[in-house]
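Listing of target.pdb, PDB, C-alpha atoms, pLDDT in the B column
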```pdb
ATOM      1  CA  THR A   1      20.022 -17.544  -0.314  1.00 78.00           C
ATOM      2  CA  SER A   2      21.500 -20.962   0.510  1.00 83.00           C
ATOM      3  CA  THR A   3      18.968 -22.493  -1.913  1.00 83.00           C
ATOM      4  CA  GLY A   4      19.906 -20.129  -4.729  1.00 81.00           C
ATOM      5  CA  ALA A   5      17.050 -17.719  -4.116  1.00 84.00           C
ATOM      6  CA  SER A   6      17.581 -14.014  -3.684  1.00 85.00           C
ATOM      7  CA  ILE A   7      15.507 -11.246  -2.168  1.00 87.00           C
ATOM      8  CA  VAL A   8      14.834  -8.203  -4.296  1.00 88.00           C
ATOM      9  CA  LYS A   9      15.019  -4.825  -2.598  1.00 86.00           C
ATOM     10  CA  LYS A  10      11.922  -2.657  -2.804  1.00 81.00           C
ATOM     11  CA  ALA A  11      13.701   0.178  -4.631  1.00 84.00           C
ATOM     12  CA  GLY A  12      13.901  -0.830  -8.299  1.00 83.00           C
ATOM     13  CA  ALA A  13      12.153  -4.146  -7.658  1.00 87.00           C
ATOM     14  CA  VAL A  14       9.953  -4.202 -10.766  1.00 87.00           C
ATOM     15  CA  LYS A  15      12.895  -3.494 -13.062  1.00 90.00           C
ATOM     16  CA  SER A  16      14.877  -6.312 -11.438  1.00 91.00           C
ATOM     17  CA  LEU A  17      11.943  -8.720 -11.672  1.00 93.00           C
ATOM     18  CA  ILE A  18      11.380  -7.909 -15.342  1.00 93.00           C
ATOM     19  CA  LYS A  19      15.053  -8.560 -16.046  1.00 92.00           C
ATOM     20  CA  THR A  20      14.834 -11.922 -14.268  1.00 92.00           C
ATOM     21  CA  LEU A  21      11.688 -12.968 -16.163  1.00 92.00           C
ATOM     22  CA  ARG A  22      12.990 -11.856 -19.548  1.00 92.00           C
ATOM     23  CA  GLY A  23      16.167 -13.818 -18.836  1.00 91.00           C
ATOM     24  CA  GLY A  24      14.136 -17.000 -18.353  1.00 90.00           C
ATOM     25  CA  GLY A  25      14.279 -16.897 -14.558  1.00 90.00           C
ATOM     26  CA  LYS A  26      11.497 -17.492 -12.101  1.00 91.00           C
ATOM     27  CA  ILE A  27      10.184 -15.252  -9.346  1.00 92.00           C
ATOM     28  CA  ALA A  28       7.843 -15.732  -6.406  1.00 91.00           C
ATOM     29  CA  LEU A  29       5.587 -13.003  -5.097  1.00 90.00           C
ATOM     30  CA  LEU A  30       3.409 -12.775  -2.009  1.00 86.00           C
ATOM     31  CA  VAL A  31       0.522 -10.614  -3.152  1.00 86.00           C
ATOM     32  CA  ASP A  32      -2.188 -11.391  -0.624  1.00 80.00           C
ATOM     33  CA  GLN A  33      -1.366  -8.368   1.501  1.00 82.00           C
ATOM     34  CA  ASN A  34      -3.333  -5.148   1.815  1.00 85.00           C
ATOM     35  CA  THR A  35      -1.693  -2.810  -0.722  1.00 88.00           C
ATOM     36  CA  HIS A  36      -2.797   0.818  -0.670  1.00 89.00           C
ATOM     37  CA  PRO A  37      -3.686   2.096  -4.164  1.00 90.00           C
ATOM     38  CA  MET A  38      -0.957   4.758  -3.853  1.00 89.00           C
ATOM     39  CA  ASP A  39       1.498   1.856  -3.457  1.00 87.00           C
ATOM     40  CA  GLY A  40       0.233  -0.099  -6.472  1.00 89.00           C
ATOM     41  CA  GLY A  41      -2.877  -1.793  -5.144  1.00 92.00           C
ATOM     42  CA  GLU A  42      -6.178  -2.098  -6.976  1.00 95.00           C
ATOM     43  CA  PHE A  43      -9.570  -2.995  -5.551  1.00 96.00           C
ATOM     44  CA  VAL A  44     -11.000  -6.412  -6.366  1.00 96.00           C
ATOM     45  CA  ASP A  45     -13.684  -8.608  -4.771  1.00 96.00           C
ATOM     46  CA  PHE A  46     -12.574 -10.768  -1.847  1.00 95.00           C
ATOM     47  CA  PHE A  47     -15.157 -12.576   0.298  1.00 94.00           C
ATOM     48  CA  GLY A  48     -17.834 -10.140  -0.852  1.00 95.00           C
ATOM     49  CA  LEU A  49     -15.918  -6.949  -0.098  1.00 95.00           C
ATOM     50  CA  LYS A  50     -13.602  -4.788  -2.170  1.00 96.00           C
ATOM     51  CA  VAL A  51      -9.972  -5.028  -1.025  1.00 94.00           C
ATOM     52  CA  PRO A  52      -6.810  -3.624  -2.565  1.00 95.00           C
ATOM     53  CA  ILE A  53      -4.286  -6.188  -3.772  1.00 94.00           C
ATOM     54  CA  SER A  54      -0.959  -5.511  -5.445  1.00 92.00           C
ATOM     55  CA  LYS A  55      -1.170  -5.333  -9.209  1.00 91.00           C
ATOM     56  CA  VAL A  56       2.483  -6.297  -9.615  1.00 91.00           C
ATOM     57  CA  VAL A  57       1.551  -9.634 -11.238  1.00 91.00           C
ATOM     58  CA  SER A  58      -0.504  -7.915 -13.921  1.00 89.00           C
ATOM     59  CA  SER A  59       2.198  -5.286 -14.422  1.00 89.00           C
ATOM     60  CA  LEU A  60       4.822  -7.978 -14.934  1.00 91.00           C
ATOM     61  CA  ALA A  61       2.528 -10.000 -17.203  1.00 87.00           C
ATOM     62  CA  GLU A  62       1.999  -6.955 -19.415  1.00 85.00           C
ATOM     63  CA  ARG A  63       5.755  -6.468 -19.790  1.00 88.00           C
ATOM     64  CA  THR A  64       6.903 -10.084 -20.189  1.00 90.00           C
ATOM     65  CA  SER A  65       5.631 -13.361 -21.576  1.00 84.00           C
ATOM     66  CA  ALA A  66       5.926 -15.103 -18.199  1.00 90.00           C
ATOM     67  CA  LYS A  67       3.119 -17.371 -17.130  1.00 91.00           C
ATOM     68  CA  MET A  68       1.468 -17.060 -13.736  1.00 92.00           C
ATOM     69  CA  VAL A  69       1.494 -20.014 -11.356  1.00 94.00           C
ATOM     70  CA  PHE A  70      -0.651 -19.798  -8.239  1.00 94.00           C
ATOM     71  CA  ALA A  71       0.878 -21.727  -5.340  1.00 95.00           C
ATOM     72  CA  TYR A  72      -0.062 -22.245  -1.710  1.00 94.00           C
ATOM     73  CA  SER A  73       0.832 -24.506   1.190  1.00 94.00           C
ATOM     74  CA  LEU A  74      -1.281 -26.504   3.614  1.00 95.00           C
ATOM     75  CA  MET A  75      -0.333 -27.935   6.975  1.00 93.00           C
ATOM     76  CA  ASP A  76      -1.181 -31.558   7.745  1.00 92.00           C
ATOM     77  CA  LYS A  77      -2.090 -33.037  11.149  1.00 92.00           C
ATOM     78  CA  ALA A  78       1.586 -33.705  11.915  1.00 95.00           C
ATOM     79  CA  GLY A  79       2.426 -30.027  11.418  1.00 93.00           C
ATOM     80  CA  ARG A  80       4.225 -30.500   8.097  1.00 96.00           C
ATOM     81  CA  TYR A  81       3.538 -28.276   5.129  1.00 95.00           C
ATOM     82  CA  THR A  82       2.929 -29.432   1.608  1.00 96.00           C
ATOM     83  CA  CYS A  83       3.118 -26.959  -1.255  1.00 95.00           C
ATOM     84  CA  TYR A  84       0.683 -27.087  -4.156  1.00 97.00           C
ATOM     85  CA  ALA A  85       0.769 -25.289  -7.474  1.00 96.00           C
ATOM     86  CA  LEU A  86      -2.038 -24.899  -9.972  1.00 95.00           C
ATOM     87  CA  PRO A  87      -1.317 -25.249 -13.696  1.00 95.00           C
ATOM     88  CA  PRO A  88       0.389 -22.213 -15.276  1.00 93.00           C
ATOM     89  CA  VAL A  89      -1.845 -19.503 -16.696  1.00 91.00           C
ATOM     90  CA  ASP A  90      -0.758 -17.761 -19.881  1.00 91.00           C
ATOM     91  CA  VAL A  91      -2.297 -14.405 -19.004  1.00 87.00           C
ATOM     92  CA  LYS A  92      -1.173 -12.811 -22.257  1.00 84.00           C
ATOM     93  CA  GLY A  93      -2.474 -15.724 -24.309  1.00 87.00           C
ATOM     94  CA  GLU A  94      -5.827 -15.603 -22.540  1.00 89.00           C
ATOM     95  CA  GLY A  95      -6.037 -11.872 -23.190  1.00 89.00           C
ATOM     96  CA  LEU A  96      -6.708 -11.033 -19.548  1.00 89.00           C
ATOM     97  CA  THR A  97      -6.682  -7.384 -18.527  1.00 91.00           C
ATOM     98  CA  GLY A  98      -4.704  -6.217 -15.512  1.00 91.00           C
ATOM     99  CA  ILE A  99      -7.742  -6.059 -13.248  1.00 94.00           C
ATOM    100  CA  GLU A 100      -8.866  -9.518 -14.428  1.00 94.00           C
ATOM    101  CA  ILE A 101      -5.473 -10.964 -13.467  1.00 93.00           C
ATOM    102  CA  THR A 102      -5.617  -9.379 -10.027  1.00 93.00           C
ATOM    103  CA  GLN A 103      -9.201 -10.567  -9.533  1.00 95.00           C
ATOM    104  CA  ARG A 104      -8.244 -14.099 -10.558  1.00 94.00           C
ATOM    105  CA  ILE A 105      -5.529 -14.121  -7.892  1.00 93.00           C
ATOM    106  CA  ALA A 106      -7.999 -12.926  -5.231  1.00 94.00           C
ATOM    107  CA  THR A 107     -10.513 -15.574  -6.313  1.00 96.00           C
ATOM    108  CA  LEU A 108      -7.870 -18.316  -6.146  1.00 95.00           C
ATOM    109  CA  TYR A 109      -6.959 -17.247  -2.595  1.00 93.00           C
ATOM    110  CA  GLU A 110     -10.627 -17.238  -1.677  1.00 95.00           C
ATOM    111  CA  ASP A 111     -11.145 -20.739  -3.126  1.00 96.00           C
ATOM    112  CA  VAL A 112      -8.237 -22.201  -1.135  1.00 95.00           C
ATOM    113  CA  ILE A 113      -9.330 -20.479   2.082  1.00 94.00           C
ATOM    114  CA  ARG A 114     -12.915 -21.726   1.676  1.00 96.00           C
ATOM    115  CA  LYS A 115     -11.701 -25.305   1.110  1.00 96.00           C
ATOM    116  CA  HIS A 116      -9.166 -25.221   3.974  1.00 94.00           C
ATOM    117  CA  PRO A 117     -10.286 -22.583   6.507  1.00 92.00           C
ATOM    118  CA  GLY A 118      -8.272 -24.202   9.309  1.00 89.00           C
ATOM    119  CA  ASN A 119      -5.067 -23.269   7.500  1.00 87.00           C
ATOM    120  CA  TRP A 120      -5.988 -19.623   7.249  1.00 86.00           C
ATOM    121  CA  LEU A 121      -4.658 -17.268   9.900  1.00 79.00           C
ATOM    122  CA  TRP A 122      -4.763 -13.607   9.112  1.00 76.00           C
ATOM    123  CA  THR A 123      -3.494 -11.605  12.039  1.00 75.00           C
ATOM    124  CA  TYR A 124      -3.517  -8.163  10.564  1.00 78.00           C
ATOM    125  CA  ARG A 125      -6.198  -5.776   9.350  1.00 83.00           C
ATOM    126  CA  ARG A 126      -6.947  -7.194   5.894  1.00 85.00           C
ATOM    127  CA  TRP A 127     -10.002  -5.034   5.279  1.00 89.00           C
ATOM    128  CA  ASN A 128      -8.222  -1.804   6.199  1.00 89.00           C
ATOM    129  CA  TYR A 129      -9.238   0.172   3.110  1.00 93.00           C
ATOM    130  CA  ILE A 130     -12.620   0.872   1.548  1.00 94.00           C
ATOM    131  CA  PRO A 131     -12.894   2.401  -1.941  1.00 95.00           C
ATOM    132  CA  ASP A 132     -13.718   6.099  -1.651  1.00 95.00           C
ATOM    133  CA  ASP A 133     -16.928   5.505  -3.607  1.00 94.00           C
ATOM    134  CA  GLY A 134     -17.836   2.366  -1.626  1.00 91.00           C
ATOM    135  CA  SER A 135     -20.198   1.715   1.268  1.00 93.00           C
ATOM    136  CA  ARG A 136     -18.910   0.934   4.766  1.00 93.00           C
ATOM    137  CA  ASP A 137     -21.497  -1.872   5.089  1.00 95.00           C
ATOM    138  CA  GLY A 138     -19.880  -5.220   5.888  1.00 95.00           C
ATOM    139  CA  TYR A 139     -16.426  -3.837   6.654  1.00 94.00           C
ATOM    140  CA  PRO A 140     -14.875  -4.123  10.148  1.00 92.00           C
ATOM    141  CA  PHE A 141     -14.784  -1.169  12.546  1.00 91.00           C
ATOM    142  CA  TYR A 142     -11.166  -0.325  11.694  1.00 90.00           C
ATOM    143  CA  SER A 143     -11.786   0.093   7.955  1.00 92.00           C
ATOM    144  CA  ARG A 144     -11.473   3.518   6.402  1.00 91.00           C
ATOM    145  CA  LYS A 145     -11.904   5.143   3.030  1.00 94.00           C
ATOM    146  CA  VAL A 146      -8.656   5.313   1.065  1.00 92.00           C
ATOM    147  CA  SER A 147      -8.566   9.108   1.231  1.00 91.00           C
ATOM    148  CA  GLU A 148      -9.248   9.281   5.006  1.00 86.00           C
ATOM    149  CA  PRO A 149      -6.348   9.855   7.388  1.00 79.00           C
ATOM    150  CA  ARG A 150      -5.000   6.791   9.195  1.00 69.00           C
ATOM    151  CA  LYS A 151      -6.715   5.936  12.460  1.00 61.00           C
ATOM    152  CA  ILE A 152      -4.631   5.464  15.577  1.00 60.00           C
ATOM    153  CA  TRP A 153      -6.024   2.963  18.083  1.00 57.00           C
TER
END
```

Would you mind writing the structure in this file as structure tokens?
Amino acid sequence: TSTGASIVKKAGAVKSLIKTLRGGGKIALLVDQNTHPMDGGEFVDFFGLKVPISKVVSSLAERTSAKMVFAYSLMDKAGRYTCYALPPVDVKGEGLTGIEITQRIATLYEDVIRKHPGNWLWTYRRWNYIPDDGSRDGYPFYSRKVSEPRKIW
């Protein structure tokens, strides 16, 4: 908060974010996490497998005229991070559907990871969920269908 940023609480978050965007403000979202479909995730392609990613960006784009900016950071040999941002995408102007927006985000993550694999460290179970109508082929041992009960290891 010392930089002027604020953290939005989970309860009522979308309403607060919409208010910020409609007021001309900016928001940052971390949407690379595994988001169960019951919690607002939708399955898109990621490294050849279907994974659920939050559809909050597409939901906000449908409700506001905000543009999407994909940003990421890379560490250099000295251990310093540099942030990069791609040009803004006018998702409404391009006529992208919600699933197309979410897929574009997944593809952008994939592109950065492929170009800079040494900067990628994923220490949790990213491929935790498989679509109920999908095959288990290619998924790790811990993966489960969305409707299956959670496994305890």

Tell me which of A:Arg80, A:Glu62, A:Pro117, A:Glu110 sits closest to Gly95 in chain A, counting all atoms listed in the file.
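Counting all atoms listed in the file, the residue closest to Gly95 in chain A is A:Glu62.
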
Return as a ChimeraX atom specification the set of residues that the PyMOL selection byres ((chain A and resi 64) around 7) yields on the displayed structure.
/A:18,21-22,60-63,65-66

Could you write out the selected residues, including C-alpha atoms, as a short mmCIF file (atom, residue, chain, number, x, y, z; two decimals), in the frame of the given file?
```
data_model
loop_
_atom_site.label_atom_id
_atom_site.label_comp_id
_atom_site.auth_asym_id
_atom_site.auth_seq_id
_atom_site.Cartn_x
_atom_site.Cartn_y
_atom_site.Cartn_z
CA ILE A 18 11.38 -7.91 -15.34
CA LEU A 21 11.69 -12.97 -16.16
CA ARG A 22 12.99 -11.86 -19.55
CA LEU A 60 4.82 -7.98 -14.93
CA ALA A 61 2.53 -10.00 -17.20
CA GLU A 62 2.00 -6.96 -19.42
CA ARG A 63 5.76 -6.47 -19.79
CA SER A 65 5.63 -13.36 -21.58
CA ALA A 66 5.93 -15.10 -18.20
#
```

Can you check which parts of range 22-129 of chain A lie within 8 Å of range 136-142 of chain A? Per residue, the shortest pair of atoms and distance in Å to one decimal, counting all atoms listed in the file, sorted by chain and number, as CSV.
```
residue,atom,partner,partner_atom,distance
A:Leu49,CA,A:Gly138,CA,7.4
A:Arg125,CA,A:Tyr142,CA,7.7
A:Trp127,CA,A:Tyr139,CA,6.7
A:Asn128,CA,A:Tyr142,CA,6.4
```

Can you work out the spacing between CA of Val89 in chain A and CA of Thr107 in chain A in Å, to one decimal?
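Going from CA of Val89 in chain A over to CA of Thr107 in chain A covers 14.1 Å.
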
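What separates CA of Ser135 in chain A from CA of Thr102 in chain A is a distance of 21.5 Å.
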
Nearest-residue call for Arg126 in chain A, choices A:Val51, A:Val31, A:Ala11, A:Leu17, using all atoms listed in the file
A:Val51

CA of Gly48 in chain A to CA of Met75 in chain A, distance in Å rounded to a single decimal
26.2 Å

Quick one: residues within 9 Å of Gln103 in chain A, all atoms listed in the file counted, chain neighbours fewer than 6 positions away excluded, as number ranges by chain?
A: 43-46, 53

Based on the selection just made, write C-alpha atoms of those residues as an mmCIF file, in the coordinates of the input.
```cif
data_model
loop_
_atom_site.group_PDB
_atom_site.id
_atom_site.type_symbol
_atom_site.label_atom_id
_atom_site.label_comp_id
_atom_site.auth_asym_id
_atom_site.auth_seq_id
_atom_site.Cartn_x
_atom_site.Cartn_y
_atom_site.Cartn_z
ATOM 1 C CA PHE A 43 -9.570 -2.995 -5.551
ATOM 2 C CA VAL A 44 -11.000 -6.412 -6.366
ATOM 3 C CA ASP A 45 -13.684 -8.608 -4.771
ATOM 4 C CA PHE A 46 -12.574 -10.768 -1.847
ATOM 5 C CA ILE A 53 -4.286 -6.188 -3.772
#
```

Quick one: everything within 8 Å of Ile99 in chain A, counting all atoms listed in the file, minus sequence neighbours fewer than 6 positions away in the same chain. Send it as an mmCIF file with C-alpha atoms, keeping the file's coordinate frame.
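Generated output (around33.cif):
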```cif
data_model
loop_
_atom_site.group_PDB
_atom_site.id
_atom_site.type_symbol
_atom_site.label_atom_id
_atom_site.label_comp_id
_atom_site.auth_asym_id
_atom_site.auth_seq_id
_atom_site.Cartn_x
_atom_site.Cartn_y
_atom_site.Cartn_z
ATOM 1 C CA GLU A 42 -6.178 -2.098 -6.976
ATOM 2 C CA VAL A 44 -11.000 -6.412 -6.366
ATOM 3 C CA LYS A 55 -1.170 -5.333 -9.209
ATOM 4 C CA SER A 58 -0.504 -7.915 -13.921
#
```

If the PyMOL selection byres ((chain A and resi 72) around 6) is run on the structure shown, which residues does it catch, given as a CSV table (one decimal) with C-alpha atoms, in the coordinates of the input?
```csv
chain,number,residue,atom,x,y,z
A,71,ALA,CA,0.9,-21.7,-5.3
A,73,SER,CA,0.8,-24.5,1.2
A,83,CYS,CA,3.1,-27.0,-1.3
A,84,TYR,CA,0.7,-27.1,-4.2
```

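Proximity to Arg114 in chain A was assessed for A:Val57, A:Ile130, A:Phe47, A:Thr97 counting all atoms listed in the file; the smallest distance is recorded for A:Phe47.
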
Which one of A:Val69, A:Leu74, A:Leu96, A:Thr35 sits closest to Trp120 in chain A if you count only C-alpha atoms?
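The closest residue to Trp120 in chain A is A:Leu74.
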
Would you please work out which residue, of A:Val112, A:Gly4, A:Lys145, A:Lys67, is nearest to Gly24 in chain A when using only C-alpha atoms?
A:Lys67

Given the choices A:Leu29, A:Thr123, A:Asp132, A:Thr1, which gets closest to Ala13 in chain A if the distance is worked out from only C-alpha atoms?
A:Leu29

Shell of 6 Å around Pro131 in chain A, only C-alpha atoms, local chain residues under 2 positions omitted, as a PDB file with C-alpha atoms, in the coordinates of the input:
```pdb
ATOM      1  CA  ASP A 133     -16.928   5.505  -3.607  1.00 94.00           C
ATOM      2  CA  GLY A 134     -17.836   2.366  -1.626  1.00 91.00           C
ATOM      3  CA  LYS A 145     -11.904   5.143   3.030  1.00 94.00           C
ATOM      4  CA  VAL A 146      -8.656   5.313   1.065  1.00 92.00           C
TER       5      VAL A 146
END
```

What box, with edges along x, y and z, holds each listed atom of range 2-9 of chain A when 8 Å is added on every side, and can you state its centre and edge lengths in Å to one decimal, as lines of an AutoDock Vina configuration file?
```
center_x = 18.2
center_y = -13.7
center_z = -2.1
size_x = 22.7
size_y = 33.7
size_z = 21.2
```

Write out as a list in words which residues come within 12 Å of Ser16 in chain A when counting all atoms listed in the file, dropping same-chain ones fewer than 4 positions away.
Ser6, Ile7, Val8, Lys9, Lys10, Ala11, Gly12, Thr20, Leu21, Arg22, Gly23, Gly25, Lys26, Ile27 and Leu60 of chain A

Starting from the incomplete input, reconstruct N, CA, C and O atoms of range 65-91 of chain A and write that as a PDB file, keeping the file's coordinate frame.
```
ATOM      1  N   SER A  65       6.480 -12.248 -21.127  1.00 84.00           N
ATOM      2  CA  SER A  65       5.631 -13.361 -21.576  1.00 84.00           C
ATOM      3  C   SER A  65       5.564 -14.449 -20.507  1.00 84.00           C
ATOM      4  O   SER A  65       5.167 -15.571 -20.793  1.00 84.00           O
ATOM      5  N   ALA A  66       5.931 -14.120 -19.287  1.00 90.00           N
ATOM      6  CA  ALA A  66       5.926 -15.103 -18.199  1.00 90.00           C
ATOM      7  C   ALA A  66       4.509 -15.565 -17.886  1.00 90.00           C
ATOM      8  O   ALA A  66       3.556 -14.795 -17.971  1.00 90.00           O
ATOM      9  N   LYS A  67       4.399 -16.818 -17.534  1.00 91.00           N
ATOM     10  CA  LYS A  67       3.119 -17.371 -17.130  1.00 91.00           C
ATOM     11  C   LYS A  67       2.976 -17.229 -15.613  1.00 91.00           C
ATOM     12  O   LYS A  67       3.964 -17.173 -14.889  1.00 91.00           O
ATOM     13  N   MET A  68       1.748 -17.183 -15.155  1.00 92.00           N
ATOM     14  CA  MET A  68       1.468 -17.060 -13.736  1.00 92.00           C
ATOM     15  C   MET A  68       1.153 -18.443 -13.174  1.00 92.00           C
ATOM     16  O   MET A  68       0.362 -19.191 -13.742  1.00 92.00           O
ATOM     17  N   VAL A  69       1.778 -18.769 -12.056  1.00 94.00           N
ATOM     18  CA  VAL A  69       1.494 -20.014 -11.356  1.00 94.00           C
ATOM     19  C   VAL A  69       1.054 -19.649  -9.944  1.00 94.00           C
ATOM     20  O   VAL A  69       1.800 -19.007  -9.203  1.00 94.00           O
ATOM     21  N   PHE A  70      -0.141 -20.051  -9.583  1.00 94.00           N
ATOM     22  CA  PHE A  70      -0.651 -19.798  -8.239  1.00 94.00           C
ATOM     23  C   PHE A  70      -0.246 -20.974  -7.361  1.00 94.00           C
ATOM     24  O   PHE A  70      -0.511 -22.130  -7.691  1.00 94.00           O
ATOM     25  N   ALA A  71       0.421 -20.677  -6.251  1.00 95.00           N
ATOM     26  CA  ALA A  71       0.878 -21.727  -5.340  1.00 95.00           C
ATOM     27  C   ALA A  71       0.465 -21.387  -3.916  1.00 95.00           C
ATOM     28  O   ALA A  71       0.300 -20.219  -3.564  1.00 95.00           O
ATOM     29  N   TYR A  72       0.307 -22.417  -3.116  1.00 94.00           N
ATOM     30  CA  TYR A  72      -0.062 -22.245  -1.710  1.00 94.00           C
ATOM     31  C   TYR A  72       0.426 -23.461  -0.940  1.00 94.00           C
ATOM     32  O   TYR A  72       0.807 -24.474  -1.523  1.00 94.00           O
ATOM     33  N   SER A  73       0.428 -23.367   0.367  1.00 94.00           N
ATOM     34  CA  SER A  73       0.832 -24.506   1.190  1.00 94.00           C
ATOM     35  C   SER A  73      -0.244 -24.792   2.220  1.00 94.00           C
ATOM     36  O   SER A  73      -0.967 -23.901   2.655  1.00 94.00           O
ATOM     37  N   LEU A  74      -0.331 -26.062   2.606  1.00 95.00           N
ATOM     38  CA  LEU A  74      -1.281 -26.504   3.614  1.00 95.00           C
ATOM     39  C   LEU A  74      -0.545 -27.343   4.654  1.00 95.00           C
ATOM     40  O   LEU A  74       0.356 -28.117   4.311  1.00 95.00           O
ATOM     41  N   MET A  75      -0.943 -27.175   5.899  1.00 93.00           N
ATOM     42  CA  MET A  75      -0.333 -27.935   6.975  1.00 93.00           C
ATOM     43  C   MET A  75      -1.158 -29.200   7.234  1.00 93.00           C
ATOM     44  O   MET A  75      -2.384 -29.140   7.277  1.00 93.00           O
ATOM     45  N   ASP A  76      -0.475 -30.322   7.425  1.00 92.00           N
ATOM     46  CA  ASP A  76      -1.181 -31.558   7.745  1.00 92.00           C
ATOM     47  C   ASP A  76      -1.279 -31.722   9.261  1.00 92.00           C
ATOM     48  O   ASP A  76      -0.802 -30.874  10.026  1.00 92.00           O
ATOM     49  N   LYS A  77      -1.874 -32.812   9.715  1.00 92.00           N
ATOM     50  CA  LYS A  77      -2.090 -33.037  11.149  1.00 92.00           C
ATOM     51  C   LYS A  77      -0.789 -33.169  11.927  1.00 92.00           C
ATOM     52  O   LYS A  77      -0.750 -32.921  13.131  1.00 92.00           O
ATOM     53  N   ALA A  78       0.283 -33.559  11.250  1.00 95.00           N
ATOM     54  CA  ALA A  78       1.586 -33.705  11.915  1.00 95.00           C
ATOM     55  C   ALA A  78       2.346 -32.381  11.966  1.00 95.00           C
ATOM     56  O   ALA A  78       3.451 -32.324  12.505  1.00 95.00           O
ATOM     57  N   GLY A  79       1.763 -31.330  11.396  1.00 93.00           N
ATOM     58  CA  GLY A  79       2.426 -30.027  11.418  1.00 93.00           C
ATOM     59  C   GLY A  79       3.393 -29.798  10.273  1.00 93.00           C
ATOM     60  O   GLY A  79       4.149 -28.836  10.283  1.00 93.00           O
ATOM     61  N   ARG A  80       3.362 -30.663   9.271  1.00 96.00           N
ATOM     62  CA  ARG A  80       4.225 -30.500   8.097  1.00 96.00           C
ATOM     63  C   ARG A  80       3.448 -29.781   7.003  1.00 96.00           C
ATOM     64  O   ARG A  80       2.239 -29.956   6.872  1.00 96.00           O
ATOM     65  N   TYR A  81       4.168 -29.023   6.217  1.00 95.00           N
ATOM     66  CA  TYR A  81       3.538 -28.276   5.129  1.00 95.00           C
ATOM     67  C   TYR A  81       3.817 -28.943   3.801  1.00 95.00           C
ATOM     68  O   TYR A  81       4.920 -29.410   3.539  1.00 95.00           O
ATOM     69  N   THR A  82       2.791 -28.961   2.976  1.00 96.00           N
ATOM     70  CA  THR A  82       2.929 -29.432   1.608  1.00 96.00           C
ATOM     71  C   THR A  82       2.553 -28.278   0.698  1.00 96.00           C
ATOM     72  O   THR A  82       1.537 -27.613   0.919  1.00 96.00           O
ATOM     73  N   CYS A  83       3.386 -28.036  -0.302  1.00 95.00           N
ATOM     74  CA  CYS A  83       3.118 -26.959  -1.255  1.00 95.00           C
ATOM     75  C   CYS A  83       2.393 -27.519  -2.473  1.00 95.00           C
ATOM     76  O   CYS A  83       2.681 -28.631  -2.922  1.00 95.00           O
ATOM     77  N   TYR A  84       1.469 -26.730  -2.979  1.00 97.00           N
ATOM     78  CA  TYR A  84       0.683 -27.087  -4.156  1.00 97.00           C
ATOM     79  C   TYR A  84       0.777 -25.948  -5.160  1.00 97.00           C
ATOM     80  O   TYR A  84       0.850 -24.784  -4.774  1.00 97.00           O
ATOM     81  N   ALA A  85       0.757 -26.301  -6.417  1.00 96.00           N
ATOM     82  CA  ALA A  85       0.769 -25.289  -7.474  1.00 96.00           C
ATOM     83  C   ALA A  85      -0.285 -25.674  -8.511  1.00 96.00           C
ATOM     84  O   ALA A  85      -0.396 -26.837  -8.897  1.00 96.00           O
ATOM     85  N   LEU A  86      -1.054 -24.686  -8.919  1.00 95.00           N
ATOM     86  CA  LEU A  86      -2.038 -24.899  -9.972  1.00 95.00           C
ATOM     87  C   LEU A  86      -1.327 -24.827 -11.325  1.00 95.00           C
ATOM     88  O   LEU A  86      -0.213 -24.302 -11.422  1.00 95.00           O
ATOM     89  N   PRO A  87      -1.950 -25.320 -12.376  1.00 95.00           N
ATOM     90  CA  PRO A  87      -1.317 -25.249 -13.696  1.00 95.00           C
ATOM     91  C   PRO A  87      -1.025 -23.787 -14.087  1.00 95.00           C
ATOM     92  O   PRO A  87      -1.759 -22.871 -13.711  1.00 95.00           O
ATOM     93  N   PRO A  88       0.044 -23.578 -14.845  1.00 93.00           N
ATOM     94  CA  PRO A  88       0.389 -22.213 -15.276  1.00 93.00           C
ATOM     95  C   PRO A  88      -0.719 -21.576 -16.097  1.00 93.00           C
ATOM     96  O   PRO A  88      -1.432 -22.253 -16.839  1.00 93.00           O
ATOM     97  N   VAL A  89      -0.864 -20.275 -15.936  1.00 91.00           N
ATOM     98  CA  VAL A  89      -1.845 -19.503 -16.696  1.00 91.00           C
ATOM     99  C   VAL A  89      -1.086 -18.564 -17.622  1.00 91.00           C
ATOM    100  O   VAL A  89      -0.244 -17.777 -17.174  1.00 91.00           O
ATOM    101  N   ASP A  90      -1.353 -18.668 -18.899  1.00 91.00           N
ATOM    102  CA  ASP A  90      -0.758 -17.761 -19.881  1.00 91.00           C
ATOM    103  C   ASP A  90      -1.657 -16.533 -19.960  1.00 91.00           C
ATOM    104  O   ASP A  90      -2.583 -16.480 -20.772  1.00 91.00           O
ATOM    105  N   VAL A  91      -1.399 -15.563 -19.109  1.00 87.00           N
ATOM    106  CA  VAL A  91      -2.297 -14.405 -19.004  1.00 87.00           C
ATOM    107  C   VAL A  91      -2.318 -13.591 -20.289  1.00 87.00           C
ATOM    108  O   VAL A  91      -3.352 -13.051 -20.668  1.00 87.00           O
TER     109      VAL A  91
END
```
